[in-house]
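Everything below belongs to work-v2.pdb, which stores PDB, C-alpha atoms and all ligand atoms.
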```pdb
ATOM      1  CA  MET C  32       0.000   0.000   0.000
ATOM      2  CA  ILE C  33       1.167   3.527  -0.754
ATOM      3  CA  LYS C  34      -0.201   5.984   1.800
ATOM      4  CA  VAL C  35      -0.109   9.690   1.047
ATOM      5  CA  GLU C  36      -0.851  11.852   4.071
ATOM      6  CA  ASN C  37      -1.382  15.640   4.100
ATOM      7  CA  LEU C  38       1.136  15.953   1.268
ATOM      8  CA  SER C  39       2.097  19.399   0.006
ATOM      9  CA  TYR C  40       4.854  20.353  -2.399
ATOM     10  CA  ILE C  41       6.206  23.815  -3.111
ATOM     11  CA  TYR C  42       8.738  24.553  -5.872
ATOM     12  CA  GLN C  43      11.451  27.088  -5.006
ATOM     13  CA  PRO C  44       9.953  28.004  -1.614
ATOM     14  CA  GLY C  45      10.798  31.413  -0.232
ATOM     15  CA  THR C  46      11.802  32.839  -3.654
ATOM     16  CA  SER C  47       9.896  35.105  -6.038
ATOM     17  CA  GLN C  48       9.276  32.003  -8.196
ATOM     18  CA  GLU C  49       7.646  30.070  -5.360
ATOM     19  CA  LYS C  50       4.935  27.781  -6.709
ATOM     20  CA  VAL C  51       2.590  25.620  -4.662
ATOM     21  CA  ALA C  52       2.201  22.519  -6.854
ATOM     22  CA  LEU C  53       0.337  20.234  -4.414
ATOM     23  CA  LYS C  54      -1.855  21.081  -1.443
ATOM     24  CA  ASN C  55      -2.792  18.693   1.318
ATOM     25  CA  ILE C  56      -3.136  15.489  -0.714
ATOM     26  CA  ASN C  57      -4.481  12.374   1.014
ATOM     27  CA  LEU C  58      -4.686   9.088  -0.862
ATOM     28  CA  GLU C  59      -4.342   5.353  -0.258
ATOM     29  CA  ILE C  60      -3.252   3.138  -3.139
ATOM     30  CA  PRO C  61      -3.680  -0.539  -2.212
ATOM     31  CA  SER C  62      -1.668  -3.298  -3.858
ATOM     32  CA  PRO C  63      -2.463  -4.646  -6.383
ATOM     33  CA  SER C  64      -4.677  -1.991  -7.950
ATOM     34  CA  PHE C  65      -4.986   0.084 -11.110
ATOM     35  CA  PHE C  66      -5.277   3.815 -10.447
ATOM     36  CA  CYS C  67      -5.442   6.491 -13.129
ATOM     37  CA  ILE C  68      -4.613  10.102 -12.416
ATOM     38  CA  VAL C  69      -6.202  12.750 -14.607
ATOM     39  CA  GLY C  70      -6.170  16.534 -14.481
ATOM     40  CA  ALA C  71      -5.637  19.616 -16.605
ATOM     41  CA  ASN C  72      -2.141  20.916 -17.462
ATOM     42  CA  GLY C  73      -0.322  22.175 -14.396
ATOM     43  CA  SER C  74      -2.655  20.467 -11.908
ATOM     44  CA  GLY C  75       0.275  18.706 -10.192
ATOM     45  CA  LYS C  76       0.212  15.177 -11.645
ATOM     46  CA  SER C  77       3.901  14.901 -12.624
ATOM     47  CA  THR C  78       4.982  16.424  -9.321
ATOM     48  CA  PHE C  79       2.877  13.806  -7.548
ATOM     49  CA  ALA C  80       4.457  10.992  -9.627
ATOM     50  CA  ARG C  81       7.951  12.129  -8.632
ATOM     51  CA  LEU C  82       6.955  12.234  -4.959
ATOM     52  CA  LEU C  83       5.695   8.640  -5.071
ATOM     53  CA  ASN C  84       9.150   7.123  -5.593
ATOM     54  CA  GLY C  85      11.097   9.616  -3.539
ATOM     55  CA  LEU C  86      12.584  11.509  -6.496
ATOM     56  CA  TYR C  87      11.119  14.573  -4.737
ATOM     57  CA  THR C  88      10.742  14.919  -0.969
ATOM     58  CA  PRO C  89       7.492  16.401   0.385
ATOM     59  CA  THR C  90       7.563  20.037   1.530
ATOM     60  CA  SER C  91       5.158  18.831   4.202
ATOM     61  CA  GLY C  92       3.239  15.637   4.842
ATOM     62  CA  ASP C  93       4.338  12.094   4.033
ATOM     63  CA  VAL C  94       4.497   9.447   1.326
ATOM     64  CA  ILE C  95       4.710   5.993   2.877
ATOM     65  CA  VAL C  96       5.452   2.980   0.662
ATOM     66  CA  ASP C  97       4.800  -0.329   2.420
ATOM     67  CA  GLY C  98       5.572   1.325   5.740
ATOM     68  CA  MET C  99       8.695   3.143   4.463
ATOM     69  CA  ASN C 100       8.670   6.949   4.499
ATOM     70  CA  THR C 101      10.270   8.632   1.444
ATOM     71  CA  LYS C 102      11.774  11.161   3.883
ATOM     72  CA  ASP C 103      13.852   8.376   5.436
ATOM     73  CA  GLU C 104      17.163   8.442   3.531
ATOM     74  CA  LYS C 105      18.043   4.957   4.740
ATOM     75  CA  ARG C 106      14.986   3.507   2.952
ATOM     76  CA  ILE C 107      15.084   5.540  -0.257
ATOM     77  CA  TRP C 108      16.974   2.876  -2.256
ATOM     78  CA  GLU C 109      14.452   0.229  -1.216
ATOM     79  CA  ILE C 110      11.562   2.561  -2.108
ATOM     80  CA  ARG C 111      12.974   3.337  -5.580
ATOM     81  CA  LYS C 112      13.437  -0.396  -6.172
ATOM     82  CA  ASN C 113       9.762  -0.957  -5.377
ATOM     83  CA  VAL C 114       8.280   2.037  -7.187
ATOM     84  CA  GLY C 115       9.307   2.166 -10.859
ATOM     85  CA  LEU C 116       8.779   5.410 -12.757
ATOM     86  CA  VAL C 117       8.204   5.527 -16.540
ATOM     87  CA  PHE C 118       8.398   8.975 -18.168
ATOM     88  CA  GLN C 119       6.626  10.523 -21.127
ATOM     89  CA  ASN C 120       9.677  10.603 -23.390
ATOM     90  CA  PRO C 121      11.523   7.250 -23.582
ATOM     91  CA  ASP C 122      14.620   9.029 -24.964
ATOM     92  CA  ASN C 123      15.130  10.455 -21.464
ATOM     93  CA  GLN C 124      15.117   6.987 -19.979
ATOM     94  CA  ILE C 125      16.999   4.767 -22.454
ATOM     95  CA  ILE C 126      20.783   4.776 -22.072
ATOM     96  CA  GLY C 127      22.048   1.369 -23.269
ATOM     97  CA  MET C 128      23.767   0.784 -26.628
ATOM     98  CA  THR C 129      21.460  -2.183 -27.266
ATOM     99  CA  VAL C 130      17.981  -3.040 -26.011
ATOM    100  CA  GLU C 131      19.266  -5.834 -23.746
ATOM    101  CA  GLU C 132      22.053  -3.638 -22.351
ATOM    102  CA  ASP C 133      19.520  -0.979 -21.555
ATOM    103  CA  ILE C 134      17.194  -3.395 -19.758
ATOM    104  CA  ALA C 135      20.153  -4.880 -17.852
ATOM    105  CA  PHE C 136      21.251  -1.471 -16.560
ATOM    106  CA  GLY C 137      18.775  -1.203 -13.661
ATOM    107  CA  CYS C 138      19.398  -4.825 -12.651
ATOM    108  CA  GLU C 139      23.168  -4.260 -12.610
ATOM    109  CA  ASN C 140      22.595  -1.301 -10.302
ATOM    110  CA  LEU C 141      20.672  -3.630  -8.015
ATOM    111  CA  GLY C 142      23.817  -5.800  -7.887
ATOM    112  CA  LEU C 143      22.083  -8.904  -9.245
ATOM    113  CA  PRO C 144      24.123 -11.912 -10.476
ATOM    114  CA  PRO C 145      24.460 -12.297 -14.309
ATOM    115  CA  GLU C 146      22.195 -15.394 -14.506
ATOM    116  CA  GLU C 147      19.382 -13.576 -12.744
ATOM    117  CA  ILE C 148      19.836 -10.492 -14.948
ATOM    118  CA  GLU C 149      19.575 -12.766 -17.992
ATOM    119  CA  GLU C 150      16.328 -14.260 -16.678
ATOM    120  CA  ARG C 151      14.883 -10.845 -15.945
ATOM    121  CA  ILE C 152      15.782  -9.531 -19.408
ATOM    122  CA  ASN C 153      13.978 -12.523 -20.938
ATOM    123  CA  PHE C 154      10.928 -11.947 -18.769
ATOM    124  CA  ALA C 155      10.792  -8.176 -19.428
ATOM    125  CA  LEU C 156      11.283  -8.507 -23.209
ATOM    126  CA  LYS C 157       8.510 -11.095 -23.359
ATOM    127  CA  ALA C 158       6.151  -8.984 -21.231
ATOM    128  CA  VAL C 159       6.414  -6.071 -23.690
ATOM    129  CA  GLY C 160       6.599  -8.241 -26.838
ATOM    130  CA  MET C 161      10.091  -7.084 -27.875
ATOM    131  CA  GLU C 162      12.063 -10.378 -27.861
ATOM    132  CA  GLU C 163      13.147 -10.050 -31.486
ATOM    133  CA  TYR C 164      14.700  -6.605 -30.873
ATOM    134  CA  ARG C 165      17.041  -7.758 -28.119
ATOM    135  CA  LYS C 166      20.269  -6.893 -29.986
ATOM    136  CA  TYR C 167      18.945  -3.714 -31.624
ATOM    137  CA  PRO C 168      20.412  -0.297 -30.867
ATOM    138  CA  PRO C 169      17.512   1.706 -29.357
ATOM    139  CA  TYR C 170      17.943   4.609 -31.799
ATOM    140  CA  LEU C 171      16.681   2.351 -34.630
ATOM    141  CA  LEU C 172      13.371   1.745 -32.835
ATOM    142  CA  SER C 173      10.073   3.608 -33.292
ATOM    143  CA  GLY C 174       8.668   5.787 -30.485
ATOM    144  CA  GLY C 175       6.260   3.038 -29.411
ATOM    145  CA  GLN C 176       9.011   0.408 -29.407
ATOM    146  CA  LYS C 177      11.287   2.696 -27.380
ATOM    147  CA  GLN C 178       8.504   3.200 -24.840
ATOM    148  CA  ARG C 179       8.145  -0.585 -24.591
ATOM    149  CA  VAL C 180      11.896  -0.873 -23.926
ATOM    150  CA  ALA C 181      11.629   1.836 -21.244
ATOM    151  CA  ILE C 182       8.805  -0.132 -19.581
ATOM    152  CA  ALA C 183      10.859  -3.354 -19.881
ATOM    153  CA  GLY C 184      13.797  -1.626 -18.139
ATOM    154  CA  ILE C 185      11.538  -0.803 -15.191
ATOM    155  CA  LEU C 186       9.877  -4.228 -15.225
ATOM    156  CA  ALA C 187      13.220  -6.035 -15.052
ATOM    157  CA  MET C 188      13.785  -4.412 -11.674
ATOM    158  CA  MET C 189      10.595  -6.200 -10.523
ATOM    159  CA  PRO C 190       8.939  -3.233  -8.832
ATOM    160  CA  LYS C 191       5.676  -3.831  -7.013
ATOM    161  CA  TYR C 192       4.373  -0.403  -8.085
ATOM    162  CA  ILE C 193       4.740   1.122 -11.569
ATOM    163  CA  VAL C 194       4.036   4.828 -12.013
ATOM    164  CA  LEU C 195       3.653   5.874 -15.660
ATOM    165  CA  ASP C 196       3.667   9.613 -16.387
ATOM    166  CA  GLU C 197       1.839  10.116 -19.696
ATOM    167  CA  PRO C 198       3.606   7.165 -21.361
ATOM    168  CA  THR C 199       1.529   7.333 -24.553
ATOM    169  CA  THR C 200       1.703  11.065 -25.296
ATOM    170  CA  MET C 201       4.303  10.723 -28.036
ATOM    171  CA  LEU C 202       2.677   7.738 -29.739
ATOM    172  CA  ASP C 203       0.220   7.241 -32.585
ATOM    173  CA  PRO C 204      -3.152   5.530 -31.862
ATOM    174  CA  LYS C 205      -1.760   2.044 -32.599
ATOM    175  CA  GLY C 206       1.303   2.596 -30.375
ATOM    176  CA  ARG C 207      -0.957   3.986 -27.629
ATOM    177  CA  LYS C 208      -3.206   0.957 -27.751
ATOM    178  CA  GLU C 209      -0.233  -1.425 -27.546
ATOM    179  CA  ILE C 210       1.197   0.334 -24.491
ATOM    180  CA  ILE C 211      -2.209   0.407 -22.760
ATOM    181  CA  ASN C 212      -2.655  -3.324 -23.452
ATOM    182  CA  ILE C 213       0.771  -4.008 -21.899
ATOM    183  CA  ILE C 214      -0.142  -1.887 -18.863
ATOM    184  CA  ARG C 215      -3.456  -3.718 -18.441
ATOM    185  CA  ARG C 216      -1.673  -7.074 -18.646
ATOM    186  CA  LEU C 217       0.843  -6.012 -16.000
ATOM    187  CA  TYR C 218      -2.061  -5.362 -13.660
ATOM    188  CA  GLU C 219      -4.297  -8.285 -14.599
ATOM    189  CA  GLU C 220      -1.668 -11.021 -15.017
ATOM    190  CA  GLU C 221       1.467  -9.847 -13.179
ATOM    191  CA  LYS C 222      -0.568  -8.269 -10.327
ATOM    192  CA  LYS C 223       1.485  -5.079 -10.422
ATOM    193  CA  THR C 224       0.044  -1.925  -8.897
ATOM    194  CA  ILE C 225      -0.348   0.564 -11.735
ATOM    195  CA  ILE C 226      -0.549   4.323 -11.322
ATOM    196  CA  LEU C 227      -1.134   5.768 -14.777
ATOM    197  CA  ILE C 228      -1.137   9.501 -15.473
ATOM    198  CA  THR C 229      -2.833  10.393 -18.732
ATOM    199  CA  HIS C 230      -4.746  13.025 -20.681
ATOM    200  CA  HIS C 231      -6.491  10.397 -22.822
ATOM    201  CA  MET C 232      -9.875   9.577 -21.325
ATOM    202  CA  GLU C 233     -10.149   6.458 -23.506
ATOM    203  CA  GLU C 234      -7.207   5.039 -21.525
ATOM    204  CA  VAL C 235      -8.731   5.435 -18.087
ATOM    205  CA  ILE C 236     -11.910   3.422 -18.603
ATOM    206  CA  TRP C 237      -9.973   0.284 -17.599
ATOM    207  CA  ALA C 238      -8.867   1.689 -14.242
ATOM    208  CA  GLU C 239     -10.276   0.506 -10.930
ATOM    209  CA  LYS C 240     -10.161   4.056  -9.599
ATOM    210  CA  ILE C 241      -9.695   7.467 -11.184
ATOM    211  CA  VAL C 242      -8.155  10.294  -9.161
ATOM    212  CA  VAL C 243      -8.909  13.805 -10.425
ATOM    213  CA  PHE C 244      -6.363  16.560  -9.764
ATOM    214  CA  PHE C 245      -7.288  20.231 -10.080
ATOM    215  CA  ASN C 246      -5.074  23.146  -9.050
ATOM    216  CA  GLY C 247      -2.810  20.959  -6.926
ATOM    217  CA  GLU C 248      -5.663  19.256  -5.057
ATOM    218  CA  ILE C 249      -7.544  15.976  -5.352
ATOM    219  CA  VAL C 250     -11.104  16.994  -6.211
ATOM    220  CA  ASP C 251     -12.576  13.553  -6.886
ATOM    221  CA  LEU C 252     -11.869   9.850  -6.568
ATOM    222  CA  GLY C 253     -14.105   7.121  -7.938
ATOM    223  CA  THR C 254     -14.667   4.342 -10.450
ATOM    224  CA  PRO C 255     -14.691   5.333 -14.151
ATOM    225  CA  ARG C 256     -18.482   5.043 -14.167
ATOM    226  CA  GLU C 257     -18.807   7.315 -11.123
ATOM    227  CA  ILE C 258     -16.384   9.904 -12.506
ATOM    228  CA  PHE C 259     -17.833   9.970 -16.030
ATOM    229  CA  SER C 260     -21.378  10.464 -14.739
ATOM    230  CA  LYS C 261     -20.300  13.964 -13.613
ATOM    231  CA  ASP C 262     -20.184  15.698 -17.021
ATOM    232  CA  GLU C 263     -20.455  19.243 -15.717
ATOM    233  CA  LYS C 264     -17.852  18.843 -13.010
ATOM    234  CA  LEU C 265     -15.425  17.305 -15.512
ATOM    235  CA  ASN C 266     -15.887  20.361 -17.707
ATOM    236  CA  GLU C 267     -15.045  22.621 -14.750
ATOM    237  CA  TRP C 268     -11.875  20.582 -14.129
ATOM    238  CA  GLY C 269     -10.823  20.954 -17.781
ATOM    239  CA  LEU C 270     -11.481  17.307 -18.691
ATOM    240  CA  ASN C 271     -13.382  15.542 -21.478
ATOM    241  CA  LEU C 272     -15.625  12.511 -21.531
ATOM    242  CA  PRO C 273     -14.394   9.469 -23.486
ATOM    243  CA  ILE C 274     -15.855   9.481 -27.026
ATOM    244  CA  THR C 275     -18.175   6.515 -26.303
ATOM    245  CA  THR C 276     -19.567   8.297 -23.246
ATOM    246  CA  ARG C 277     -20.104  11.470 -25.300
ATOM    247  CA  ILE C 278     -22.138   9.457 -27.809
ATOM    248  CA  SER C 279     -24.262   7.842 -25.079
ATOM    249  CA  LYS C 280     -24.867  11.283 -23.577
ATOM    250  CA  CYS C 281     -25.993  12.722 -26.943
ATOM    251  CA  LEU C 282     -28.338   9.788 -27.507
ATOM    252  CA  LEU C 283     -29.808  10.213 -24.019
ATOM    253  CA  GLU C 284     -30.380  13.935 -24.637
ATOM    254  CA  ARG C 285     -32.171  13.083 -27.889
ATOM    255  CA  GLY C 286     -34.639  10.916 -26.005
ATOM    256  CA  PHE C 287     -33.136   7.457 -26.515
ATOM    257  CA  ASN C 288     -33.620   5.015 -23.673
ATOM    258  CA  ILE C 289     -29.938   4.418 -23.015
ATOM    259  CA  PRO C 290     -27.956   4.166 -19.767
ATOM    260  CA  HIS C 291     -25.370   6.838 -19.056
ATOM    261  CA  PRO C 292     -22.405   6.771 -18.789
ATOM    262  CA  ILE C 293     -21.478   4.067 -21.269
ATOM    263  CA  LEU C 294     -17.737   3.457 -21.253
ATOM    264  CA  THR C 295     -16.685   1.027 -23.978
ATOM    265  CA  PRO C 296     -17.574   0.779 -27.685
ATOM    266  CA  GLU C 297     -18.670  -2.840 -27.067
ATOM    267  CA  GLU C 298     -21.178  -1.732 -24.403
ATOM    268  CA  LEU C 299     -22.471   1.002 -26.706
ATOM    269  CA  SER C 300     -22.913  -1.336 -29.674
ATOM    270  CA  LEU C 301     -24.914  -3.734 -27.490
ATOM    271  CA  TRP C 302     -27.340  -0.968 -26.574
ATOM    272  CA  LEU C 303     -27.595   0.325 -30.131
TER     273      LEU C 303
HETATM  274  N1  LIG H   1      10.705  22.916 -11.627
HETATM  275  C1  LIG H   1       9.644  23.701 -11.391
HETATM  276  N2  LIG H   1       9.782  24.927 -10.842
HETATM  277  C2  LIG H   1       8.717  25.723 -10.575
HETATM  278  N3  LIG H   1       7.451  25.372 -10.825
HETATM  279  C3  LIG H   1       7.258  24.151 -11.375
HETATM  280  C4  LIG H   1       8.327  23.264 -11.691
HETATM  281  N4  LIG H   1       7.808  22.127 -12.231
HETATM  282  C5  LIG H   1       6.467  22.304 -12.258
HETATM  283  N5  LIG H   1       6.134  23.501 -11.748
HETATM  284  C6  LIG H   1       4.778  24.055 -11.572
HETATM  285  O1  LIG H   1       4.051  23.205 -10.700
HETATM  286  C7  LIG H   1       2.696  23.047 -11.146
HETATM  287  C8  LIG H   1       2.404  21.580 -11.315
HETATM  288  O2  LIG H   1       3.189  21.073 -12.390
HETATM  289  P1  LIG H   1       3.118  19.554 -12.872
HETATM  290  O3  LIG H   1       4.163  19.386 -13.941
HETATM  291  O4  LIG H   1       3.178  18.671 -11.694
HETATM  292  O5  LIG H   1       1.657  19.511 -13.518
HETATM  293  P2  LIG H   1       0.989  18.397 -14.464
HETATM  294  O6  LIG H   1      -0.397  18.189 -13.951
HETATM  295  O7  LIG H   1       1.867  17.207 -14.554
HETATM  296  O8  LIG H   1       0.932  19.143 -15.870
HETATM  297  P3  LIG H   1       0.936  18.560 -17.367
HETATM  298  O9  LIG H   1      -0.385  17.889 -17.584
HETATM  299  O10 LIG H   1       1.066  19.802 -18.193
HETATM  300  O11 LIG H   1       2.112  17.629 -17.509
HETATM  301  C9  LIG H   1       2.584  23.867 -12.428
HETATM  302  O12 LIG H   1       2.012  25.104 -12.116
HETATM  303  C10 LIG H   1       4.009  24.041 -12.891
HETATM  304  O13 LIG H   1       4.173  25.259 -13.581
END
```
In structure tokens, how does this file's structure come out?
Ligand SMILES: Nc1ncnc2c1ncn2[C@@H]1O[C@H](COP(=O)(O)OP(=O)(O)OP(=O)(O)O)[C@@H](O)[C@H]1O
Amino acid sequence: MIKVENLSYIYQPGTSQEKVALKNINLEIPSPSFFCIVGANGSGKSTFARLLNGLYTPTSGDVIVDGMNTKDEKRIWEIRKNVGLVFQNPDNQIIGMTVEEDIAFGCENLGLPPEEIEERINFALKAVGMEEYRKYPPYLLSGGQKQRVAIAGILAMMPKYIVLDEPTTMLDPKGRKEIINIIRRLYEEEKKTIILITHHMEEVIWAEKIVVFFNGEIVDLGTPREIFSKDEKLNEWGLNLPITTRISKCLLERGFNIPHPILTPEELSLWL
């Protein structure tokens, strides 16, 4: 479980550029679970992601990962091992000369023996469907393939929690779908705890819980169906409905006897 208690974060405190990014956040993320974090630009999502694995230290309040406080310097290595962070741009994360070298990097830092690193590379490449690219230099890969390698690098370290900060932003619709399918599999089959930050509402319909950030605060927490039933509130928070939900809403407004919100195209086609 990750427990976030009265968490606030201020950039450059005490200077003229002081910026309060997060205000009094409280949240419990059980394990395993699939949480999505949504919110308009500048609402504090990336700052929150960096606080979850101790990359940033709270200005006040606490982030506690399986009983370990990110403020405790003696536990920070253990916390980072357990909370993997995947960034928006894989180029910022990939450093190896080949795919396998890149995936091995984190494991080598953990001081694992070569046989175990080999096993973990095999597992991670398989999990992201990149076995055939093992010897490739990363610069020859597409954006979607690079993002898969970045995820594999985190996976090989076997973290219990995986925080993904807008991992599909740079990808085309096909690449986005592939990454989301990998993320769903990590939750459903590998029982990882997923914390996915995204601007794409189509990606969050699979989450167990959606957390809505607005102006550095959590303004709502609920299942996709609960969150997407609040059309007007979402508008206020600068968020859209998924396309399928927009269609079901239009049909409802035109007098069709249809439940709202509908989340998936399959559900919508059944009703139609
Ligand atoms: N290094 C920094 N120094 C000062 N202010 C910062 C810094 N990084 C972020 N901020 C500010 O903190 C607030 C929260 O930023 P953050 O990047 O966490 O938002 P976000 O929800 O991830 O936004 P986006 O959706 O655009 O990625 C914003 O107002 C931003 O301008």
Where does the PyMOL selection byres (((chain C and resi 192) around 8) and not hetatm) land in this file, that is, which residues does it pick, as a PyMOL selection string?
chain C and resi 62+113-115+190-191+193-194+223-226
Please, which residues have at least one atom within 10 Å of an atom of ligand LIG 1 (chain H), using all atoms listed in the file, listed as a ChimeraX atom specification?
/C:40-44,48-53,68-81,119,196-197,228-230,244-247
Would you export the selected residues with C-alpha atoms as a PDB file, keeping the file's coordinate frame, please?
```
ATOM      1  CA  TYR C  40       4.854  20.353  -2.399  1.00  0.00           C
ATOM      2  CA  ILE C  41       6.206  23.815  -3.111  1.00  0.00           C
ATOM      3  CA  TYR C  42       8.738  24.553  -5.872  1.00  0.00           C
ATOM      4  CA  GLN C  43      11.451  27.088  -5.006  1.00  0.00           C
ATOM      5  CA  PRO C  44       9.953  28.004  -1.614  1.00  0.00           C
ATOM      6  CA  GLN C  48       9.276  32.003  -8.196  1.00  0.00           C
ATOM      7  CA  GLU C  49       7.646  30.070  -5.360  1.00  0.00           C
ATOM      8  CA  LYS C  50       4.935  27.781  -6.709  1.00  0.00           C
ATOM      9  CA  VAL C  51       2.590  25.620  -4.662  1.00  0.00           C
ATOM     10  CA  ALA C  52       2.201  22.519  -6.854  1.00  0.00           C
ATOM     11  CA  LEU C  53       0.337  20.234  -4.414  1.00  0.00           C
ATOM     12  CA  ILE C  68      -4.613  10.102 -12.416  1.00  0.00           C
ATOM     13  CA  VAL C  69      -6.202  12.750 -14.607  1.00  0.00           C
ATOM     14  CA  GLY C  70      -6.170  16.534 -14.481  1.00  0.00           C
ATOM     15  CA  ALA C  71      -5.637  19.616 -16.605  1.00  0.00           C
ATOM     16  CA  ASN C  72      -2.141  20.916 -17.462  1.00  0.00           C
ATOM     17  CA  GLY C  73      -0.322  22.175 -14.396  1.00  0.00           C
ATOM     18  CA  SER C  74      -2.655  20.467 -11.908  1.00  0.00           C
ATOM     19  CA  GLY C  75       0.275  18.706 -10.192  1.00  0.00           C
ATOM     20  CA  LYS C  76       0.212  15.177 -11.645  1.00  0.00           C
ATOM     21  CA  SER C  77       3.901  14.901 -12.624  1.00  0.00           C
ATOM     22  CA  THR C  78       4.982  16.424  -9.321  1.00  0.00           C
ATOM     23  CA  PHE C  79       2.877  13.806  -7.548  1.00  0.00           C
ATOM     24  CA  ALA C  80       4.457  10.992  -9.627  1.00  0.00           C
ATOM     25  CA  ARG C  81       7.951  12.129  -8.632  1.00  0.00           C
ATOM     26  CA  GLN C 119       6.626  10.523 -21.127  1.00  0.00           C
ATOM     27  CA  ASP C 196       3.667   9.613 -16.387  1.00  0.00           C
ATOM     28  CA  GLU C 197       1.839  10.116 -19.696  1.00  0.00           C
ATOM     29  CA  ILE C 228      -1.137   9.501 -15.473  1.00  0.00           C
ATOM     30  CA  THR C 229      -2.833  10.393 -18.732  1.00  0.00           C
ATOM     31  CA  HIS C 230      -4.746  13.025 -20.681  1.00  0.00           C
ATOM     32  CA  PHE C 244      -6.363  16.560  -9.764  1.00  0.00           C
ATOM     33  CA  PHE C 245      -7.288  20.231 -10.080  1.00  0.00           C
ATOM     34  CA  ASN C 246      -5.074  23.146  -9.050  1.00  0.00           C
ATOM     35  CA  GLY C 247      -2.810  20.959  -6.926  1.00  0.00           C
TER      36      GLY C 247
END
```
Take the point (13.5, -7.5, -30.9) as written in the file and pick out every residue within 12 Å of it, counting all atoms listed in the file; give the list as a ChimeraX atom specification.
/C:129-131,152-153,155-157,159-169,171-173,176-177,179-180
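Distance annotation: of C:Glu104, C:Val35, C:Asn120, C:Arg215, the residue with the minimal separation from Leu82 in chain C is C:Val35; atom set is all atoms listed in the file.
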Can you tell me, as a list in words, what residues are no more than 12 Å from Trp108 in chain C when counting all atoms listed in the file, ignoring any on the same chain fewer than 3 positions away?
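Everything that qualifies: Asn84, Gly85, Leu86, Val96, Met99, Asn100, Thr101, Lys102, Asp103, Glu104, Lys105, Arg111, Lys112, Asn113, Val114, Gly115, Asn140 and Leu141 of chain C.
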Take the point (-13.6, 2.1, -29.4) in the file's coordinates, draw a sphere of radius 12 Å around it, and report as a PyMOL selection string every protein, DNA or RNA residue with an atom inside or on it, counting all atoms listed in the file.
chain C and resi 204+208+232-234+236+273-276+278+293-300
Rounded to one decimal, what separation in Å do you get between CA of Trp268 in chain C and CA of Asp251 in chain C?
10.1 Å
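Counting all atoms listed in the file, the residue from C:Leu186, C:Phe287, C:Ser64, C:Gly174 that sits nearest to Arg151 in chain C is C:Leu186.
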Serialized range 110-136 of chain C w/ C-alpha atoms as an mmCIF file, in the first residue's frame:
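Output contents, as saved in result_34.cif:
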```cif
data_model
loop_
_atom_site.group_PDB
_atom_site.id
_atom_site.type_symbol
_atom_site.label_atom_id
_atom_site.label_comp_id
_atom_site.auth_asym_id
_atom_site.auth_seq_id
_atom_site.Cartn_x
_atom_site.Cartn_y
_atom_site.Cartn_z
ATOM 1 C CA ILE C 110 11.562 2.561 -2.108
ATOM 2 C CA ARG C 111 12.974 3.337 -5.580
ATOM 3 C CA LYS C 112 13.437 -0.396 -6.172
ATOM 4 C CA ASN C 113 9.762 -0.957 -5.377
ATOM 5 C CA VAL C 114 8.280 2.037 -7.187
ATOM 6 C CA GLY C 115 9.307 2.166 -10.859
ATOM 7 C CA LEU C 116 8.779 5.410 -12.757
ATOM 8 C CA VAL C 117 8.204 5.527 -16.540
ATOM 9 C CA PHE C 118 8.398 8.975 -18.168
ATOM 10 C CA GLN C 119 6.626 10.523 -21.127
ATOM 11 C CA ASN C 120 9.677 10.603 -23.390
ATOM 12 C CA PRO C 121 11.523 7.250 -23.582
ATOM 13 C CA ASP C 122 14.620 9.029 -24.964
ATOM 14 C CA ASN C 123 15.130 10.455 -21.464
ATOM 15 C CA GLN C 124 15.117 6.987 -19.979
ATOM 16 C CA ILE C 125 16.999 4.767 -22.454
ATOM 17 C CA ILE C 126 20.783 4.776 -22.072
ATOM 18 C CA GLY C 127 22.048 1.369 -23.269
ATOM 19 C CA MET C 128 23.767 0.784 -26.628
ATOM 20 C CA THR C 129 21.460 -2.183 -27.266
ATOM 21 C CA VAL C 130 17.981 -3.040 -26.011
ATOM 22 C CA GLU C 131 19.266 -5.834 -23.746
ATOM 23 C CA GLU C 132 22.053 -3.638 -22.351
ATOM 24 C CA ASP C 133 19.520 -0.979 -21.555
ATOM 25 C CA ILE C 134 17.194 -3.395 -19.758
ATOM 26 C CA ALA C 135 20.153 -4.880 -17.852
ATOM 27 C CA PHE C 136 21.251 -1.471 -16.560
#
```
